[in-house]
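Pasted below: query.txt, compact mmCIF, C-alpha atoms.
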```txt
# COMPACT_ATOMS: atom_id res chain seq x y z
CA MET A 292 30.94 4.47 14.36
CA ALA A 293 27.31 4.75 13.18
CA GLU A 294 27.99 2.28 10.37
CA THR A 295 29.37 -0.27 12.83
CA LEU A 296 26.40 0.16 15.18
CA SER A 297 23.90 -0.22 12.36
CA ALA A 298 25.68 -3.35 11.13
CA LEU A 299 25.53 -4.85 14.63
CA ALA A 300 21.93 -3.84 15.40
CA MET A 301 20.15 -6.89 13.98
CA PRO A 302 22.62 -9.50 15.29
CA LEU A 303 22.34 -7.89 18.74
CA VAL A 304 18.54 -8.01 18.60
CA VAL A 305 18.64 -11.70 17.62
CA VAL A 306 21.06 -12.49 20.47
CA LEU A 307 18.97 -10.49 22.95
CA VAL A 308 15.77 -12.30 21.94
CA GLY A 309 17.58 -15.63 22.15
CA MET A 310 18.80 -14.79 25.65
CA ILE A 311 15.29 -13.85 26.73
CA PHE A 312 13.98 -17.14 25.29
CA LEU A 313 16.62 -19.16 27.13
CA PHE A 314 16.80 -17.39 30.47
CA GLY A 315 13.37 -15.79 30.82
CA LYS A 316 11.09 -16.77 33.68
CA LYS A 317 8.13 -17.44 31.39
CA ASP A 318 7.87 -19.99 28.61
CA TYR A 319 8.51 -17.58 25.74
CA PHE A 320 9.08 -20.32 23.19
CA ASP A 321 5.61 -21.74 23.84
CA ALA A 322 4.10 -18.26 23.47
CA PHE A 323 6.03 -17.84 20.21
CA THR A 324 4.77 -21.15 18.78
CA ARG A 325 1.17 -20.36 19.80
CA GLY A 326 1.46 -16.97 18.08
CA ALA A 327 2.92 -18.58 14.96
CA THR A 328 0.07 -21.13 14.93
CA ASP A 329 -2.52 -18.35 15.26
CA GLY A 330 -0.80 -16.46 12.44
CA LEU A 331 -0.93 -19.53 10.23
CA HIS A 332 -4.66 -19.99 10.93
CA THR A 333 -5.27 -16.31 10.10
CA THR A 334 -3.33 -16.68 6.85
CA VAL A 335 -5.38 -19.70 5.81
CA LYS A 336 -8.57 -17.81 6.68
CA LEU A 337 -7.46 -14.85 4.50
CA LEU A 338 -6.60 -16.89 1.40
CA PRO A 339 -10.06 -16.69 -0.22
CA THR A 340 -10.12 -12.91 0.20
CA LEU A 341 -6.63 -12.53 -1.24
CA VAL A 342 -7.39 -14.79 -4.20
CA ALA A 343 -10.59 -12.85 -4.96
CA LEU A 344 -8.69 -9.55 -4.86
CA MET A 345 -5.93 -10.85 -7.13
CA VAL A 346 -8.44 -12.16 -9.67
CA ALA A 347 -10.40 -8.87 -9.60
CA VAL A 348 -7.26 -6.77 -10.13
CA SER A 349 -6.07 -9.03 -12.94
CA MET A 350 -9.46 -8.75 -14.63
CA LEU A 351 -9.44 -4.96 -14.19
CA ASN A 352 -6.04 -4.65 -15.83
CA ALA A 353 -6.70 -7.16 -18.61
CA SER A 354 -10.05 -5.63 -19.56
CA GLY A 355 -8.59 -2.22 -20.37
CA ALA A 356 -10.80 -0.61 -17.75
CA VAL A 357 -7.83 1.22 -16.22
CA THR A 358 -7.04 2.92 -19.53
CA MET A 359 -10.69 3.72 -20.21
CA LEU A 360 -11.25 5.14 -16.72
CA SER A 361 -8.03 7.16 -16.97
CA GLU A 362 -9.15 8.71 -20.25
CA LEU A 363 -12.61 9.43 -18.81
CA LEU A 364 -11.23 11.15 -15.71
CA SER A 365 -8.48 13.09 -17.51
CA PRO A 366 -10.42 16.36 -18.06
CA LEU A 367 -11.61 16.45 -14.46
CA ALA A 368 -8.13 15.72 -13.10
CA SER A 369 -6.55 18.43 -15.23
CA ALA A 370 -9.19 20.92 -14.09
CA ILE A 371 -8.31 20.41 -10.41
CA GLY A 372 -4.54 20.40 -10.93
CA ILE A 373 -3.78 16.69 -11.03
CA PRO A 374 -1.60 15.65 -13.99
CA SER A 375 -3.40 13.24 -16.28
CA GLU A 376 -0.27 11.03 -16.37
CA LEU A 377 -1.04 10.06 -12.76
CA LEU A 378 -4.42 8.53 -13.52
CA PRO A 379 -3.32 4.92 -14.18
CA LEU A 380 -1.51 5.01 -10.83
CA LEU A 381 -4.51 6.59 -9.09
CA VAL A 382 -6.94 4.07 -10.54
CA THR A 383 -4.87 1.02 -9.53
CA ARG A 384 -3.53 2.26 -6.17
CA PRO A 385 -6.69 1.56 -4.12
CA PHE A 386 -6.83 -2.06 -5.29
CA SER A 387 -3.35 -3.46 -5.76
CA GLY A 388 0.11 -2.61 -4.55
CA SER A 389 1.83 -4.53 -7.35
CA ALA A 390 -0.34 -3.04 -10.11
CA SER A 391 0.20 0.46 -8.75
CA THR A 392 3.95 -0.20 -8.47
CA ALA A 393 3.98 -1.16 -12.15
CA ALA A 394 1.98 1.97 -13.03
CA TYR A 395 4.36 4.09 -10.92
CA SER A 396 7.41 2.59 -12.62
CA ALA A 397 5.90 3.13 -16.08
CA LEU A 398 5.05 6.72 -15.17
CA LEU A 399 8.60 7.46 -14.03
CA ASP A 400 9.98 5.86 -17.19
CA SER A 401 7.75 7.97 -19.42
CA VAL A 402 7.83 11.41 -17.74
CA GLY A 403 10.92 11.23 -15.53
CA ALA A 404 11.35 11.35 -11.78
CA ASP A 405 12.03 15.11 -11.70
CA SER A 406 8.89 16.09 -13.62
CA PHE A 407 5.85 17.46 -11.84
CA ALA A 408 3.90 14.25 -12.46
CA GLY A 409 6.86 12.15 -11.26
CA LEU A 410 7.19 14.14 -8.04
CA CYS A 411 3.44 14.00 -7.40
CA ALA A 412 3.43 10.25 -8.05
CA SER A 413 6.30 9.75 -5.61
CA VAL A 414 4.54 11.68 -2.85
CA ILE A 415 1.24 9.92 -3.51
CA PHE A 416 2.93 6.52 -3.62
CA GLY A 417 4.62 7.20 -0.29
CA SER A 418 1.58 8.66 1.47
CA SER A 419 -1.26 6.38 0.38
CA ASP A 420 -2.06 2.71 0.66
CA THR A 421 -4.11 0.08 -1.10
CA VAL A 422 -7.46 0.96 0.46
CA VAL A 423 -9.55 -1.96 -0.78
CA TYR A 424 -6.81 -4.50 -0.03
CA VAL A 425 -6.21 -3.20 3.51
CA ILE A 426 -9.90 -3.05 4.38
CA ALA A 427 -10.59 -6.49 2.90
CA VAL A 428 -7.67 -8.17 4.63
CA TYR A 429 -7.97 -6.47 8.02
CA PHE A 430 -11.73 -6.78 8.31
CA SER A 431 -11.87 -10.37 7.08
CA SER A 432 -9.09 -11.39 9.46
CA VAL A 433 -11.36 -10.51 12.39
CA ASN A 434 -14.57 -11.74 10.70
CA ILE A 435 -16.17 -8.34 10.15
CA ARG A 436 -18.45 -8.48 7.11
CA LYS A 437 -20.08 -5.03 7.27
CA THR A 438 -17.40 -2.37 6.98
CA ARG A 439 -19.91 0.50 7.33
CA TRP A 440 -18.06 3.79 6.93
CA ALA A 441 -14.52 2.38 6.74
CA PHE A 442 -14.34 2.32 2.94
CA PRO A 443 -15.88 5.76 2.28
CA CYS A 444 -13.67 7.27 4.98
CA ALA A 445 -10.50 5.59 3.68
CA PHE A 446 -11.35 6.58 0.12
CA ALA A 447 -11.93 10.21 1.19
CA VAL A 448 -8.53 10.21 2.91
CA MET A 449 -6.94 8.84 -0.23
CA LEU A 450 -8.52 11.59 -2.34
CA PHE A 451 -7.27 14.10 0.21
CA CYS A 452 -3.73 12.66 -0.12
CA ILE A 453 -3.88 12.85 -3.91
CA PHE A 454 -5.09 16.44 -4.03
CA PHE A 455 -2.72 17.74 -1.37
CA SER A 456 0.25 15.81 -2.73
CA CYS A 457 -0.17 17.59 -6.05
CA PHE A 458 -0.84 20.91 -4.29
CA PHE A 459 2.29 20.71 -2.16
CA CYS A 460 4.46 19.51 -5.04
CA ARG A 461 3.31 22.52 -7.05
CA LEU A 462 3.89 24.80 -4.06
CA TRP A 463 7.36 23.52 -3.16
CA PHE A 464 8.89 22.40 -6.44
CA PHE A 465 7.21 24.39 -9.22
```
Structure encoded using structure tokens:
Amino acid sequence: MAETLSALAMPLVVVLVGMIFLFGKKDYFDAFTRGATDGLHTTVKLLPTLVALMVAVSMLNASGAVTMLSELLSPLASAIGIPSELLPLLVTRPFSGSASTAAYSALLDSVGADSFAGLCASVIFGSSDTVVYVIAVYFSSVNIRKTRWAFPCAFAVMLFCIFFSCFFCRLWFF
């Protein structure tokens, strides 16, 4: 029964929206096209920011800075209970979703999904976001140039997620 309902959910939503478009009292199609036009303008406005972020992340990865920073932070991470295998993921996560996904995949391939580092990486990957990307895209989409405390606050939350992800994985699984 649940399988049938879940299979029918999306077609029913599409039919319901179509019925509202056709028989609604307002001009929903016009509102939809205006929203799509605004979305397209926002996308065009965001392109320079996205290109700059992609170039910066590519340069960061190609330069070897991720490896160097990981090696530099390894003693500190180990001292506070964060596995050093997580550092490439932690260095790339604030900047790029695709680079951190690659680091996550490489980590799981090397240490395994059931290892402490693998479990910590999974929790961190599920509970954090690409801080720099999100702030850059969201703030530039509404023309805010001075982010004030948004970045330090978001970065502090990310550090909180990292520390407590490792703490809870150690508490619950090891």
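Take the candidates A:Asp318, A:Leu462, A:Cys457, A:Met301 and check each one against Ile373 (chain A) using all atoms listed in the file; the shortest distance goes to A:Cys457.
Note that the spacing between CA of Cys444 (chain A) and CA of Arg384 (chain A) amounts to 15.9 Å.
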Proximity to Ala370 (chain A) - best of A:Phe314, A:Phe454, A:Phe323, A:Tyr424, all atoms listed in the file: A:Phe454
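Of the residues under consideration (A:Met310, A:Val357, A:Ile415, A:Ala368), A:Val357 shows the shortest atom-to-atom contact distance to Val382 (chain A) when counting all atoms listed in the file.
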Report as a tab-separated table: every residue of region 307-344 of chain A with an atom at most 12 Å from region 387-404 of chain A, its closest pair of atoms, and their distance in Å to one decimal, counting only C-alpha atoms, with rows sorted by chain and ascending residue number.
```
residue	atom	partner	partner_atom	distance
A:Leu341	CA	A:Ser387	CA	10.7
A:Ala343	CA	A:Ser387	CA	11.9
A:Leu344	CA	A:Ser387	CA	8.1
```
Take every atom of region 306-314 of chain A listed in the file, pad by 3 Å on each side, and give me the axis-aligned box centre and edge lengths in Å, one decimal, as JSON.
```
{"center_x": 17.5, "center_y": -14.8, "center_z": 25.5, "size_x": 13.1, "size_y": 14.7, "size_z": 16.0}
```
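Taking all atoms listed in the file into account, the residues near (-10.6, 10.1, -13.1), no farther than 10 Å, are Val357, Met359, Leu360, Ser361, Glu362, Leu363, Leu364, Ser365, Pro366, Leu367, Ala368, Ser369, Ile373, Ser375, Leu377, Leu378, Pro379, Leu381 and Val382 of chain A.
Counting all atoms listed in the file, the residue from A:Val423, A:Leu351, A:Val433, A:Ala298 that sits nearest to His332 (chain A) is A:Val433.
Separating CA of Thr333 (chain A) from CA of Ala445 (chain A) is a distance of 23.4 Å.
Nearest-residue note for Ser413 (chain A): choosing from A:Ile453, A:Phe320, A:Val348, A:Gly315, the minimum distance belongs to A:Ile453, counting all atoms listed in the file.
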